[in-house]
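File shown here: input-v3.txt, holding compact mmCIF, C-alpha atoms and all ligand atoms.
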# COMPACT_ATOMS: atom_id res chain seq x y z
CA MET A 1 14.94 -17.35 -12.37
CA LYS A 2 11.71 -15.51 -12.23
CA THR A 3 9.15 -16.75 -9.78
CA LYS A 4 5.46 -16.44 -10.55
CA PHE A 5 2.81 -14.54 -8.71
CA THR A 6 -0.10 -16.37 -7.21
CA GLN A 7 -3.40 -15.18 -8.66
CA LEU A 8 -4.04 -13.14 -5.52
CA GLY A 9 -0.47 -11.87 -5.60
CA PHE A 10 -1.02 -10.65 -9.13
CA VAL A 11 -4.30 -8.93 -8.25
CA LEU A 12 -2.55 -7.21 -5.36
CA ALA A 13 0.44 -6.18 -7.42
CA ALA A 14 -1.72 -4.94 -10.29
CA ALA A 15 -4.07 -3.18 -7.87
CA GLY A 16 -1.03 -1.76 -6.06
CA SER A 17 0.06 -0.35 -9.38
CA ALA A 18 -3.38 0.91 -10.39
CA VAL A 19 -4.43 2.40 -7.06
CA GLY A 20 -2.14 5.32 -6.49
CA LEU A 21 -1.98 9.07 -6.51
CA GLY A 22 -4.10 8.95 -9.65
CA ASN A 23 -7.09 7.85 -7.60
CA ILE A 24 -6.80 9.99 -4.52
CA TRP A 25 -4.82 13.02 -5.65
CA LYS A 26 -5.45 13.40 -9.37
CA PHE A 27 -9.00 12.17 -9.90
CA PRO A 28 -10.64 14.58 -7.43
CA TYR A 29 -8.77 17.64 -8.65
CA MET A 30 -9.29 16.79 -12.31
CA THR A 31 -12.99 16.34 -11.65
CA GLY A 32 -13.03 19.70 -9.90
CA GLU A 33 -11.22 21.44 -12.72
CA ASN A 34 -13.43 19.90 -15.37
CA GLY A 35 -16.81 20.68 -13.90
CA GLY A 36 -17.77 17.42 -12.14
CA GLY A 37 -20.38 14.89 -13.26
CA ALA A 38 -19.88 14.97 -17.01
CA PHE A 39 -16.17 14.42 -16.56
CA VAL A 40 -16.87 11.50 -14.20
CA LEU A 41 -19.30 9.92 -16.68
CA ILE A 42 -16.84 10.12 -19.56
CA TYR A 43 -14.15 8.69 -17.31
CA LEU A 44 -16.39 5.79 -16.21
CA ALA A 45 -17.47 5.03 -19.77
CA THR A 46 -13.83 4.99 -20.86
CA ILE A 47 -12.89 2.62 -18.04
CA LEU A 48 -15.69 0.26 -19.03
CA CYS A 49 -15.44 0.30 -22.83
CA VAL A 50 -11.76 1.01 -23.39
CA GLY A 51 -9.84 0.61 -20.14
CA LEU A 52 -11.05 -2.87 -19.31
CA THR A 53 -10.58 -3.96 -22.92
CA ILE A 54 -6.96 -2.85 -22.98
CA PHE A 55 -6.34 -4.14 -19.50
CA ILE A 56 -7.37 -7.63 -20.61
CA ALA A 57 -5.27 -7.16 -23.76
CA GLU A 58 -2.14 -6.29 -21.77
CA VAL A 59 -2.67 -9.19 -19.39
CA SER A 60 -3.11 -11.57 -22.35
CA MET A 61 0.05 -10.32 -24.04
CA GLY A 62 2.12 -10.67 -20.92
CA ARG A 63 0.70 -14.05 -20.11
CA LEU A 64 1.18 -15.43 -23.67
CA SER A 65 4.67 -14.03 -24.26
CA GLU A 66 6.02 -14.35 -20.71
CA GLY A 67 8.68 -11.86 -21.75
CA ASP A 68 9.64 -8.21 -21.51
CA SER A 69 7.64 -5.66 -23.49
CA VAL A 70 9.86 -5.62 -26.58
CA SER A 71 10.07 -9.37 -26.91
CA ALA A 72 6.31 -9.63 -26.33
CA PHE A 73 5.65 -7.57 -29.48
CA GLU A 74 8.45 -9.30 -31.35
CA SER A 75 7.45 -12.86 -30.54
CA MET A 76 3.71 -12.46 -30.98
CA ALA A 77 3.67 -10.56 -34.29
CA THR A 78 2.39 -12.55 -37.25
CA LYS A 79 4.11 -10.07 -39.54
CA PHE A 80 6.44 -7.06 -39.36
CA SER A 81 7.93 -8.31 -36.09
CA LYS A 82 11.11 -6.29 -36.72
CA ILE A 83 9.06 -3.11 -36.68
CA TRP A 84 6.54 -4.09 -34.04
CA LYS A 85 9.21 -4.77 -31.47
CA TYR A 86 9.84 -1.02 -31.19
CA ALA A 87 6.32 -0.61 -29.85
CA GLY A 88 7.63 -2.24 -26.69
CA LEU A 89 9.72 0.87 -26.05
CA MET A 90 6.58 2.48 -24.67
CA VAL A 91 7.81 1.17 -21.29
CA PHE A 92 9.87 4.36 -21.10
CA SER A 93 6.70 6.35 -20.42
CA GLY A 94 6.95 4.87 -16.93
CA VAL A 95 10.31 6.57 -16.42
CA LEU A 96 8.76 9.92 -17.37
CA ILE A 97 5.77 9.45 -15.08
CA VAL A 98 7.77 8.36 -12.07
CA SER A 99 9.88 11.53 -12.29
CA PHE A 100 7.02 13.88 -11.39
CA TYR A 101 5.20 11.22 -9.36
CA LEU A 102 8.11 11.07 -6.89
CA VAL A 103 7.92 14.82 -6.42
CA VAL A 104 4.29 14.44 -5.33
CA ILE A 105 5.12 11.50 -3.06
CA GLY A 106 7.68 13.85 -1.51
CA TRP A 107 4.87 16.36 -0.78
CA ILE A 108 2.85 13.57 0.78
CA VAL A 109 5.66 12.55 3.12
CA LYS A 110 6.13 16.16 4.16
CA TYR A 111 2.39 16.20 4.94
CA ILE A 112 2.71 13.17 7.20
CA PHE A 113 4.81 15.37 9.50
CA GLU A 114 2.66 18.40 8.90
CA MET A 115 -0.45 16.49 10.06
CA ALA A 116 1.20 15.52 13.33
CA VAL A 117 2.16 19.04 14.34
CA ASN A 118 0.20 21.63 12.48
CA LEU A 119 -3.39 21.18 11.31
CA PRO A 120 -4.84 24.20 9.52
CA GLU A 121 -8.14 25.48 10.94
CA ASN A 122 -9.70 26.45 7.63
CA VAL A 123 -9.35 26.09 3.88
CA ASP A 124 -7.78 29.51 3.40
CA VAL A 125 -4.97 28.90 5.87
CA SER A 126 -4.48 25.44 4.42
CA ALA A 127 -4.27 26.76 0.86
CA LYS A 128 -1.63 29.26 1.96
CA ILE A 129 0.52 26.61 3.64
CA PHE A 130 0.42 24.32 0.62
CA GLY A 131 0.94 27.05 -1.94
CA ASN A 132 3.94 28.37 -0.06
CA PHE A 133 5.43 24.89 0.30
CA VAL A 134 5.24 24.05 -3.40
CA ALA A 135 6.24 27.46 -4.70
CA ASN A 136 8.90 28.51 -2.21
CA GLU A 137 10.30 25.70 -0.09
CA ALA A 138 12.86 24.29 -2.48
CA LEU A 139 15.11 22.77 0.15
CA SER A 140 12.53 20.70 1.99
CA GLN A 141 10.98 19.54 -1.30
CA PHE A 142 14.42 18.53 -2.48
CA VAL A 143 15.04 16.54 0.70
CA PHE A 144 11.70 14.71 0.56
CA PHE A 145 11.99 14.03 -3.16
CA THR A 146 15.49 12.60 -2.73
CA LEU A 147 14.38 10.50 0.23
CA MET A 148 11.51 8.94 -1.70
CA PHE A 149 13.70 8.49 -4.75
CA CYS A 150 16.17 6.46 -2.66
CA ILE A 151 13.47 4.40 -0.97
CA VAL A 152 11.69 3.51 -4.21
CA PHE A 153 14.86 2.54 -6.05
CA TYR A 154 16.04 0.57 -3.04
CA ILE A 155 12.82 -1.46 -3.05
CA VAL A 156 13.01 -2.12 -6.79
CA SER A 157 16.64 -3.18 -6.38
CA LYS A 158 15.42 -5.93 -4.05
CA GLY A 159 13.09 -7.27 -6.70
CA ILE A 160 9.38 -6.65 -6.43
CA LYS A 161 8.22 -9.92 -4.97
CA LYS A 162 9.89 -9.59 -1.58
CA GLY A 163 8.38 -6.94 0.58
CA ILE A 164 6.16 -5.28 -2.01
CA GLU A 165 3.57 -7.99 -2.15
CA LYS A 166 3.50 -8.05 1.64
CA THR A 167 3.41 -4.27 1.91
CA ASN A 168 0.44 -4.22 -0.45
CA LEU A 169 -1.32 -6.85 1.57
CA ILE A 170 -1.17 -4.73 4.72
CA LEU A 171 -1.47 -1.24 3.32
CA MET A 172 -4.17 -1.61 0.72
CA PRO A 173 -6.77 -2.79 3.28
CA MET A 174 -5.61 -0.04 5.63
CA LEU A 175 -6.10 2.60 2.95
CA ILE A 176 -9.54 1.21 2.16
CA LEU A 177 -10.56 1.18 5.83
CA ILE A 178 -9.46 4.77 6.34
CA LEU A 179 -11.37 5.86 3.25
CA ILE A 180 -14.51 4.04 4.37
CA PHE A 181 -14.31 5.66 7.78
CA MET A 182 -13.96 9.04 6.15
CA LEU A 183 -16.87 8.30 3.87
CA PHE A 184 -19.09 7.58 6.88
CA TYR A 185 -17.95 10.77 8.53
CA ALA A 186 -18.60 12.74 5.35
CA PHE A 187 -22.04 11.16 5.14
CA SER A 188 -23.10 13.05 8.26
CA MET A 189 -22.04 16.41 6.90
CA ASP A 190 -24.04 19.03 5.03
CA GLY A 191 -21.78 18.98 2.02
CA PHE A 192 -22.46 15.33 1.22
CA GLY A 193 -25.56 15.86 -0.92
CA LYS A 194 -23.87 18.55 -2.93
CA SER A 195 -20.85 16.33 -3.37
CA VAL A 196 -22.99 13.49 -4.77
CA GLU A 197 -24.70 15.92 -7.08
CA PHE A 198 -21.42 17.42 -8.23
CA LEU A 199 -19.94 14.01 -9.02
CA PHE A 200 -22.92 12.29 -10.57
CA LYS A 201 -25.11 14.95 -12.12
CA PRO A 202 -23.58 15.75 -15.48
CA ASP A 203 -23.58 19.31 -16.68
CA TRP A 204 -22.73 18.86 -20.33
CA SER A 205 -22.26 22.56 -20.89
CA LYS A 206 -19.01 22.30 -18.96
CA VAL A 207 -17.56 19.69 -21.31
CA THR A 208 -14.81 20.83 -23.65
CA SER A 209 -12.55 18.79 -25.89
CA LYS A 210 -9.85 19.34 -23.29
CA SER A 211 -11.94 17.79 -20.54
CA ILE A 212 -12.74 14.78 -22.73
CA ILE A 213 -9.10 14.15 -23.51
CA SER A 214 -8.28 14.54 -19.80
CA ALA A 215 -10.95 12.01 -18.82
CA VAL A 216 -9.81 9.46 -21.39
CA GLY A 217 -6.15 10.05 -20.55
CA HIS A 218 -6.89 9.63 -16.87
CA ALA A 219 -8.66 6.32 -17.45
CA PHE A 220 -5.38 5.04 -18.91
CA PHE A 221 -3.30 6.60 -16.16
CA THR A 222 -5.39 5.24 -13.33
CA LEU A 223 -5.37 1.66 -14.65
CA SER A 224 -1.63 1.89 -15.44
CA LEU A 225 -2.31 1.19 -19.12
CA GLY A 226 -0.51 2.00 -22.32
CA LEU A 227 3.06 1.55 -21.11
CA CYS A 228 3.38 -2.23 -20.82
CA CYS A 229 3.32 -2.08 -17.03
CA ILE A 230 0.41 -4.49 -16.58
CA MET A 231 1.86 -6.56 -19.44
CA THR A 232 5.17 -6.95 -17.62
CA TYR A 233 3.46 -7.95 -14.38
CA ALA A 234 1.30 -10.44 -16.29
CA ALA A 235 4.41 -12.09 -17.69
CA SER A 236 4.65 -13.59 -14.20
CA LEU A 237 1.05 -14.70 -14.00
CA PRO A 238 0.40 -18.39 -13.31
CA ARG A 239 -0.80 -20.22 -16.40
CA ASP A 240 -4.19 -21.12 -14.96
CA ALA A 241 -5.10 -17.66 -13.62
CA ASN A 242 -8.58 -16.40 -14.48
CA ILE A 243 -7.69 -13.37 -16.56
CA ALA A 244 -11.22 -11.97 -16.90
CA LYS A 245 -11.90 -12.14 -13.18
CA THR A 246 -8.59 -10.65 -12.09
CA SER A 247 -8.94 -7.79 -14.59
CA LEU A 248 -12.44 -7.01 -13.37
CA GLN A 249 -11.33 -7.05 -9.76
CA VAL A 250 -8.51 -4.61 -10.36
CA ALA A 251 -10.65 -2.24 -12.44
CA PHE A 252 -13.46 -2.34 -9.87
CA LEU A 253 -11.17 -1.67 -6.92
CA ASP A 254 -9.45 1.14 -8.74
CA THR A 255 -12.68 2.87 -9.75
CA ALA A 256 -14.35 2.42 -6.37
CA ILE A 257 -11.41 3.96 -4.52
CA ALA A 258 -11.33 6.96 -6.85
CA LEU A 259 -15.07 7.57 -6.40
CA VAL A 260 -14.96 7.28 -2.61
CA ALA A 261 -11.97 9.62 -2.44
CA GLY A 262 -13.83 12.07 -4.67
CA LEU A 263 -17.01 11.90 -2.56
CA VAL A 264 -15.15 12.53 0.68
CA ILE A 265 -13.05 15.36 -0.60
CA PHE A 266 -15.89 17.24 -2.30
CA THR A 267 -18.07 16.86 0.77
CA PHE A 268 -15.49 18.90 2.65
CA ILE A 269 -15.04 21.34 -0.15
CA PHE A 270 -18.76 22.09 -0.23
CA HIS A 271 -19.16 21.97 3.53
CA PHE A 272 -16.63 24.76 3.87
CA ASP A 273 -17.93 26.62 0.83
CA ALA A 274 -14.61 26.32 -0.93
CA LYS A 275 -14.17 26.18 -4.67
CA PRO A 276 -13.94 22.70 -6.20
CA SER A 277 -11.54 23.84 -8.89
CA GLN A 278 -8.41 24.23 -6.81
CA GLY A 279 -6.14 22.19 -9.04
CA PRO A 280 -3.38 19.88 -7.83
CA GLY A 281 -3.50 21.30 -4.30
CA LEU A 282 -7.01 20.01 -3.64
CA VAL A 283 -6.15 16.98 -1.49
CA PHE A 284 -3.42 18.81 0.34
CA ILE A 285 -5.67 21.72 1.13
CA SER A 286 -9.12 20.36 1.90
CA LEU A 287 -8.35 17.14 3.76
CA PRO A 288 -6.18 18.66 6.49
CA THR A 289 -9.14 20.84 7.47
CA LEU A 290 -11.24 17.70 7.91
CA PHE A 291 -8.62 16.32 10.23
CA TYR A 292 -8.64 19.59 12.16
CA GLN A 293 -12.39 19.20 12.67
CA LEU A 294 -11.88 15.79 14.24
CA GLY A 295 -9.70 17.16 17.06
CA PHE A 296 -6.93 15.05 18.49
CA ILE A 297 -7.96 11.90 16.66
CA GLY A 298 -7.77 13.96 13.49
CA LYS A 299 -4.02 14.16 13.92
CA ILE A 300 -3.79 10.40 14.04
CA PHE A 301 -6.06 10.11 11.01
CA GLY A 302 -4.14 12.76 9.15
CA VAL A 303 -0.89 10.93 9.69
CA LEU A 304 -2.43 7.57 8.82
CA PHE A 305 -4.09 8.90 5.70
CA PHE A 306 -0.94 10.43 4.28
CA VAL A 307 1.07 7.34 5.25
CA ALA A 308 -1.40 5.16 3.38
CA LEU A 309 -1.36 7.56 0.44
CA ALA A 310 2.44 7.48 0.40
CA PHE A 311 2.41 3.71 0.27
CA ALA A 312 -0.23 3.67 -2.46
CA GLY A 313 2.10 6.00 -4.35
CA ILE A 314 5.17 3.90 -3.68
CA THR A 315 3.62 0.67 -4.96
CA SER A 316 2.61 2.53 -8.13
CA ALA A 317 6.03 4.15 -8.52
CA ILE A 318 7.71 0.77 -8.31
CA SER A 319 5.48 -0.53 -11.07
CA MET A 320 6.59 2.33 -13.33
CA ILE A 321 10.26 1.49 -12.92
CA GLU A 322 10.13 -2.30 -12.92
CA PRO A 323 9.01 -2.78 -16.56
CA THR A 324 11.92 -0.72 -17.92
CA ALA A 325 14.33 -2.46 -15.56
CA PHE A 326 12.96 -5.83 -16.62
CA PHE A 327 13.40 -4.86 -20.27
CA LEU A 328 17.01 -3.68 -19.81
CA ILE A 329 17.90 -6.77 -17.80
CA ARG A 330 16.39 -9.21 -20.27
CA ARG A 331 17.32 -7.48 -23.47
CA PHE A 332 20.84 -6.26 -22.74
CA LYS A 333 21.73 -8.83 -20.09
CA LEU A 334 22.44 -6.04 -17.62
CA SER A 335 22.54 -6.75 -13.93
CA ARG A 336 19.53 -5.39 -12.03
CA GLN A 337 21.77 -2.87 -10.25
CA ARG A 338 23.23 -1.54 -13.45
CA ALA A 339 19.85 -1.26 -15.16
CA LEU A 340 18.56 0.65 -12.16
CA VAL A 341 21.49 3.06 -12.08
CA ILE A 342 20.74 4.04 -15.69
CA ILE A 343 17.05 4.56 -14.96
CA ALA A 344 17.78 6.36 -11.69
CA ILE A 345 19.98 8.98 -13.35
CA VAL A 346 17.24 9.91 -15.80
CA VAL A 347 14.56 9.95 -13.11
CA TYR A 348 16.62 12.10 -10.75
CA VAL A 349 17.38 14.75 -13.37
CA PHE A 350 13.81 14.85 -14.68
CA GLY A 351 12.40 14.79 -11.17
CA LEU A 352 14.50 17.75 -10.06
CA LEU A 353 13.50 19.69 -13.16
CA ALA A 354 9.85 18.94 -12.46
CA MET A 355 10.24 20.13 -8.90
CA LEU A 356 12.06 23.32 -9.93
CA SER A 357 9.35 24.20 -12.41
CA ASN A 358 6.96 24.76 -9.48
CA ILE A 359 9.36 26.91 -7.49
CA GLU A 360 8.86 30.64 -7.91
CA SER A 361 12.56 31.56 -8.19
CA SER A 362 13.52 28.79 -10.63
CA LYS A 363 10.32 28.54 -12.61
CA GLU A 364 11.70 30.08 -15.76
CA PHE A 365 14.68 27.78 -15.87
CA ALA A 366 12.42 24.71 -16.00
CA THR A 367 9.77 26.11 -18.32
CA PHE A 368 9.70 25.07 -21.93
CA PHE A 369 7.27 26.34 -24.56
CA SER A 370 5.62 28.34 -21.78
CA LYS A 371 4.74 25.19 -19.84
CA GLY A 372 6.45 24.05 -16.63
CA PHE A 373 8.37 20.78 -16.83
CA PHE A 374 6.12 19.18 -14.20
CA ASP A 375 3.04 19.94 -16.31
CA ILE A 376 4.80 18.88 -19.51
CA LEU A 377 5.61 15.45 -18.10
CA ASP A 378 2.10 15.02 -16.77
CA PHE A 379 0.39 16.17 -19.97
CA LEU A 380 2.72 14.33 -22.33
CA THR A 381 2.31 11.01 -20.54
CA SER A 382 -1.34 10.97 -19.44
CA SER A 383 -2.87 12.80 -22.34
CA ILE A 384 -0.71 11.54 -25.20
CA LEU A 385 1.71 8.70 -24.60
CA LEU A 386 -0.55 6.38 -22.61
CA PRO A 387 -3.59 6.68 -24.92
CA VAL A 388 -1.33 6.24 -27.96
CA GLY A 389 0.28 3.24 -26.27
CA GLY A 390 -3.19 1.82 -25.69
CA ILE A 391 -4.15 2.28 -29.36
CA VAL A 392 -0.94 0.56 -30.44
CA ILE A 393 -1.56 -2.40 -28.13
CA ALA A 394 -5.17 -2.73 -29.33
CA ILE A 395 -4.24 -2.63 -33.03
CA PHE A 396 -1.38 -5.03 -32.52
CA LEU A 397 -3.37 -7.62 -30.64
CA GLY A 398 -6.47 -7.12 -32.79
CA PHE A 399 -4.81 -7.38 -36.20
CA PHE A 400 -1.24 -8.62 -35.97
CA THR A 401 -1.40 -11.64 -33.69
CA LYS A 402 -3.17 -14.98 -33.95
CA LYS A 403 -6.79 -14.82 -32.89
CA GLU A 404 -6.77 -18.54 -32.01
CA ALA A 405 -4.14 -18.05 -29.32
CA LEU A 406 -6.33 -15.40 -27.68
CA GLU A 407 -9.41 -17.56 -28.02
CA ILE A 408 -7.75 -20.51 -26.34
CA LEU A 409 -6.48 -18.29 -23.57
CA LEU A 410 -9.60 -16.25 -22.89
CA LYS A 411 -12.70 -18.19 -23.97
CA PRO A 412 -12.71 -20.50 -20.95
CA TYR A 413 -13.09 -17.46 -18.71
CA MET A 414 -15.10 -15.14 -20.93
CA GLY A 415 -17.42 -17.40 -22.94
CA ARG A 416 -19.43 -15.35 -25.37
CA PHE A 417 -18.03 -12.11 -23.98
CA PHE A 418 -14.88 -12.99 -25.86
CA ASN A 419 -16.37 -11.82 -29.14
CA ILE A 420 -17.57 -8.58 -27.64
CA TRP A 421 -14.11 -7.99 -26.19
CA TYR A 422 -12.44 -8.81 -29.49
CA PHE A 423 -14.69 -6.36 -31.33
CA ALA A 424 -14.00 -3.66 -28.75
CA LEU A 425 -10.29 -4.37 -29.05
CA ARG A 426 -10.22 -4.10 -32.83
CA TYR A 427 -12.58 -1.20 -33.38
CA VAL A 428 -14.17 0.51 -30.40
CA ALA A 429 -11.01 1.13 -28.37
CA PRO A 430 -8.60 2.28 -31.07
CA ILE A 431 -11.10 4.37 -33.04
CA SER A 432 -12.69 6.13 -30.07
CA VAL A 433 -9.37 6.93 -28.42
CA PHE A 434 -7.96 8.12 -31.73
CA VAL A 435 -10.88 10.45 -32.34
CA VAL A 436 -10.62 11.87 -28.83
CA LEU A 437 -6.89 12.38 -29.18
CA VAL A 438 -7.07 14.15 -32.50
CA ASN A 439 -9.91 16.42 -31.40
CA GLY A 440 -8.33 17.11 -28.04
CA LEU A 441 -4.99 18.06 -29.50
CA ARG A 442 -6.54 20.29 -32.10
CA GLY A 443 -7.90 22.24 -29.17
N1 LIG B 501 -2.16 3.95 -11.83
C1 LIG B 501 -1.30 4.78 -11.06
C2 LIG B 501 -2.15 5.79 -10.30
O1 LIG B 501 -3.33 5.89 -10.50
C3 LIG B 501 -0.30 5.48 -11.90
C4 LIG B 501 0.48 4.61 -12.82
C5 LIG B 501 0.56 4.92 -14.17
C6 LIG B 501 1.16 3.48 -12.33
C7 LIG B 501 1.26 4.13 -15.02
C8 LIG B 501 1.88 2.69 -13.21
C9 LIG B 501 1.92 3.01 -14.53
O2 LIG B 501 -1.65 6.52 -9.52
How does this structure look as structure tokens?
Ligand code: PHE
Amino acid sequence: MKTKFTQLGFVLAAAGSAVGLGNIWKFPYMTGENGGGAFVLIYLATILCVGLTIFIAEVSMGRLSEGDSVSAFESMATKFSKIWKYAGLMVFSGVLIVSFYLVVIGWIVKYIFEMAVNLPENVDVSAKIFGNFVANEALSQFVFFTLMFCIVFYIVSKGIKKGIEKTNLILMPMLILILIFMLFYAFSMDGFGKSVEFLFKPDWSKVTSKSIISAVGHAFFTLSLGLCCIMTYAASLPRDANIAKTSLQVAFLDTAIALVAGLVIFTFIFHFDAKPSQGPGLVFISLPTLFYQLGFIGKIFGVLFFVALAFAGITSAISMIEPTAFFLIRRFKLSRQRALVIIAIVVYVFGLLAMLSNIESSKEFATFFSKGFFDILDFLTSSILLPVGGIVIAIFLGFFTKKEALEILLKPYMGRFFNIWYFALRYVAPISVFVVLVNGLRG
């Protein structure tokens, strides 16, 4: 039998899913690559107008259906339920994401050790160490990837309630405390003003259709939307939980953590006169130099930071696997172990391919259509599958389910905001995301 979350347990689990590498690793480097403030503004607007709308939609679907993703679409459709049920297959996006996500968690774990023994004295040295690790050190990447793969699947095999909820309870506050400390430290540095300006002063000339699609895609990625992950968690939400409040809390926490991480990291970038557009290596390159500056205590902070980051990643990784596992278990009556073996095989193969596509000597082998497999997985999921998944959820809930059921569920918590939400769900979210997608993909 499934046990239910408490309301707090749900907020923690959903926040554990939302707050991950997307906030601390991806958001800063994407902002750097896309010219700063304008990217941040588009991202924030998307979170507010589209992200929150779809977040509430996913929670409502999970809560009303109390089933896996496929049966949620099937049971709630007022018509075409035989077709709509296939929309629930979007859970598989989680399997694609977790494949490259585990590679990055592997890097993070390697950096936990790196911080303890070898802090780089400046950005150049740091960039060299990271670049060499990702492009040449196949064996150690393989070991760390495999280690994290085993740990994550082991945790999911135990069911998510045991351990994970508790882990979140300890580690999320720890992560937040470390970030706040770093924010205060950054505050006293010369780069801070520039960092604020870079993040919040939009330079619209830097905006391209590619940066818009990245910002919108990232809003989905960071809130774990468009793959029925939040929906599956919400299937275990207590009946009397305040859906509006919990959704707001998760979205707020997620956004705040991304912004603080961005502020801290860019302060260091500007302080050391480095370039903000360093790509995926940004966190691995700039932060270690901050820890070096702090002396001995920097080592402790370096280790703590990457430990916290690893756990943030792990709680997200689990939430990418669980919805597919839950679907296979419910739908095909598989045992949890068997469902996980199937998922694990796919993830291991894809994960290794993703890793190999960054390695100099095996690059070609894992490159398709002149794009590395790592980048393909990332682009395909964040920029296409998740936004499309979000559009599908919005159209389904807006036009193919009973409005009364949603009203009864949400009005007590949302009052007159219900109508605004419903309008955003039917029109604003699907149309705006569709337009962005089409323009972005056209180039
Ligand atoms: N939200 C997570 C992050 O920001 C990533 C994620 C995507 C988790 C999809 C679950 C589902 O890192």
Report as a tab-separated table: every residue of chain A with an atom at most 9 Å from ligand LIG 501 (chain B), its closest pair of atoms, and their distance in Å to one decimal, counting all atoms listed in the file, with rows sorted by chain and ascending residue number.
residue	atom	partner	partner_atom	distance
A:Ala14	CA	B:LIG501	C8	8.9
A:Ala15	CA	B:LIG501	N1	8.4
A:Gly16	CA	B:LIG501	N1	8.2
A:Ser17	CA	B:LIG501	C6	5.0
A:Ala18	CA	B:LIG501	N1	3.6
A:Val19	CA	B:LIG501	O1	5.0
A:Gly20	CA	B:LIG501	O2	3.3
A:Leu21	CA	B:LIG501	O2	4.0
A:Gly22	CA	B:LIG501	O1	3.3
A:Asn23	CA	B:LIG501	O1	5.1
A:Ile24	CA	B:LIG501	O2	8.0
A:Trp25	CA	B:LIG501	O2	8.2
A:Lys26	CA	B:LIG501	O2	7.9
A:Phe27	CA	B:LIG501	O1	8.5
A:Ser93	CA	B:LIG501	C7	8.0
A:Gly94	CA	B:LIG501	C9	5.9
A:Ile97	CA	B:LIG501	C5	7.0
A:Val98	CA	B:LIG501	C6	8.2
A:Tyr101	CA	B:LIG501	O2	8.3
A:His218	CA	B:LIG501	O1	8.2
A:Ala219	CA	B:LIG501	O1	8.8
A:Phe220	CA	B:LIG501	C5	7.6
A:Phe221	CA	B:LIG501	C5	4.7
A:Thr222	CA	B:LIG501	O1	3.6
A:Leu223	CA	B:LIG501	N1	4.8
A:Ser224	CA	B:LIG501	C7	3.7
A:Leu225	CA	B:LIG501	C7	6.2
A:Gly226	CA	B:LIG501	C7	7.8
A:Leu227	CA	B:LIG501	C9	6.8
A:Cys228	CA	B:LIG501	C9	8.3
A:Cys229	CA	B:LIG501	C9	5.8
A:Ile230	CA	B:LIG501	C9	7.9
A:Asp254	CA	B:LIG501	O1	7.9
A:Ala258	CA	B:LIG501	O1	8.9
A:Ala312	CA	B:LIG501	O2	7.7
A:Gly313	CA	B:LIG501	O2	6.4
A:Thr315	CA	B:LIG501	C6	8.3
A:Ser316	CA	B:LIG501	C6	4.5
A:Ala317	CA	B:LIG501	C6	6.2
A:Ile318	CA	B:LIG501	C8	7.9
A:Ser319	CA	B:LIG501	C8	5.3
A:Met320	CA	B:LIG501	C8	4.7
A:Ile321	CA	B:LIG501	C8	8.5
A:Thr381	CA	B:LIG501	C7	8.9
A:Ser382	CA	B:LIG501	C5	8.2
A:Leu386	CA	B:LIG501	C7	8.1
Looking at A:Val156, A:Ile395, A:Leu385, A:Met115, which one is nearest to Val341 in chain A, with distances taken over all atoms listed in the file?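 Under the stated criterion, the closest residue is A:Val156.
Within 8 Å of Ile243 in chain A, once all atoms listed in the file are used and residues closer than 6 positions along the same chain are dropped, the contacting residues are Ile56, Val59, Ser60, Leu410 and Tyr413 of chain A.
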Skipping near chain neighbours, those fewer than 4 positions away, what residues fall within 7 Å of range 423-426 of chain A using all atoms listed in the file, listed as an NGL selection string? :A and (53 or 394-395 or 398 or 419 or 430)
Might you pull out every residue within 8 Å of Val436 in chain A, with all atoms listed in the file counted and same-chain residues fewer than 5 positions away left off, and present them as a ChimeraX atom specification? /A:209,212-213,216
Let me make sure I understand: among A:Ile431, A:Phe305, A:Leu147, A:Phe100, which one has the smallest atom-to-atom distance to Gly372 in chain A if we use only C-alpha atoms?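 Residue with the minimum atom-to-atom distance to Gly372 in chain A: A:Phe100.
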Given all atoms listed in the file as the counted atoms, nearest of A:Pro412, A:Gly302, A:Gly279, A:Gly217 to Gly51 in chain A: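 That would be A:Gly217, the residue with the smallest distance to Gly51 in chain A.
Shortest separation to Lys402 in chain A among A:Phe5, A:Phe144, A:Phe417, A:Tyr422 occurs at residue A:Tyr422, atoms counted being all atoms listed in the file.
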Shell around Leu8 in chain A at 12 Å using only C-alpha atoms, local window under 4 positions removed, as a list of chain:residue names: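 Here the qualifying residues turn out to be A:Lys4, A:Leu12, A:Ala13, A:Ala14, A:Ala15, A:Gly16, A:Glu165, A:Lys166, A:Asn168, A:Leu169, A:Leu237, A:Pro238, A:Ala241, A:Asn242, A:Ile243, A:Lys245, A:Thr246, A:Ser247, A:Gln249, A:Val250.
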In terms of the shortest atom-to-atom distance over all atoms listed in the file, which of A:Ala57, A:Ala251, A:Ala77, A:Ala87 is closest to Phe418 in chain A?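 Using all atoms listed in the file, the shortest distance to Phe418 in chain A belongs to A:Ala57.
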Quick one: of A:Phe80, A:Phe10, A:Phe301, A:Phe284, who's nearest to Thr232 in chain A, counting only C-alpha atoms?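 Looking at the shortest contact to Thr232 in chain A, the residue is A:Phe10.
The interatomic distance for the pair CA of Met355 in chain A and CA of Leu282 in chain A works out to 18.0 Å.
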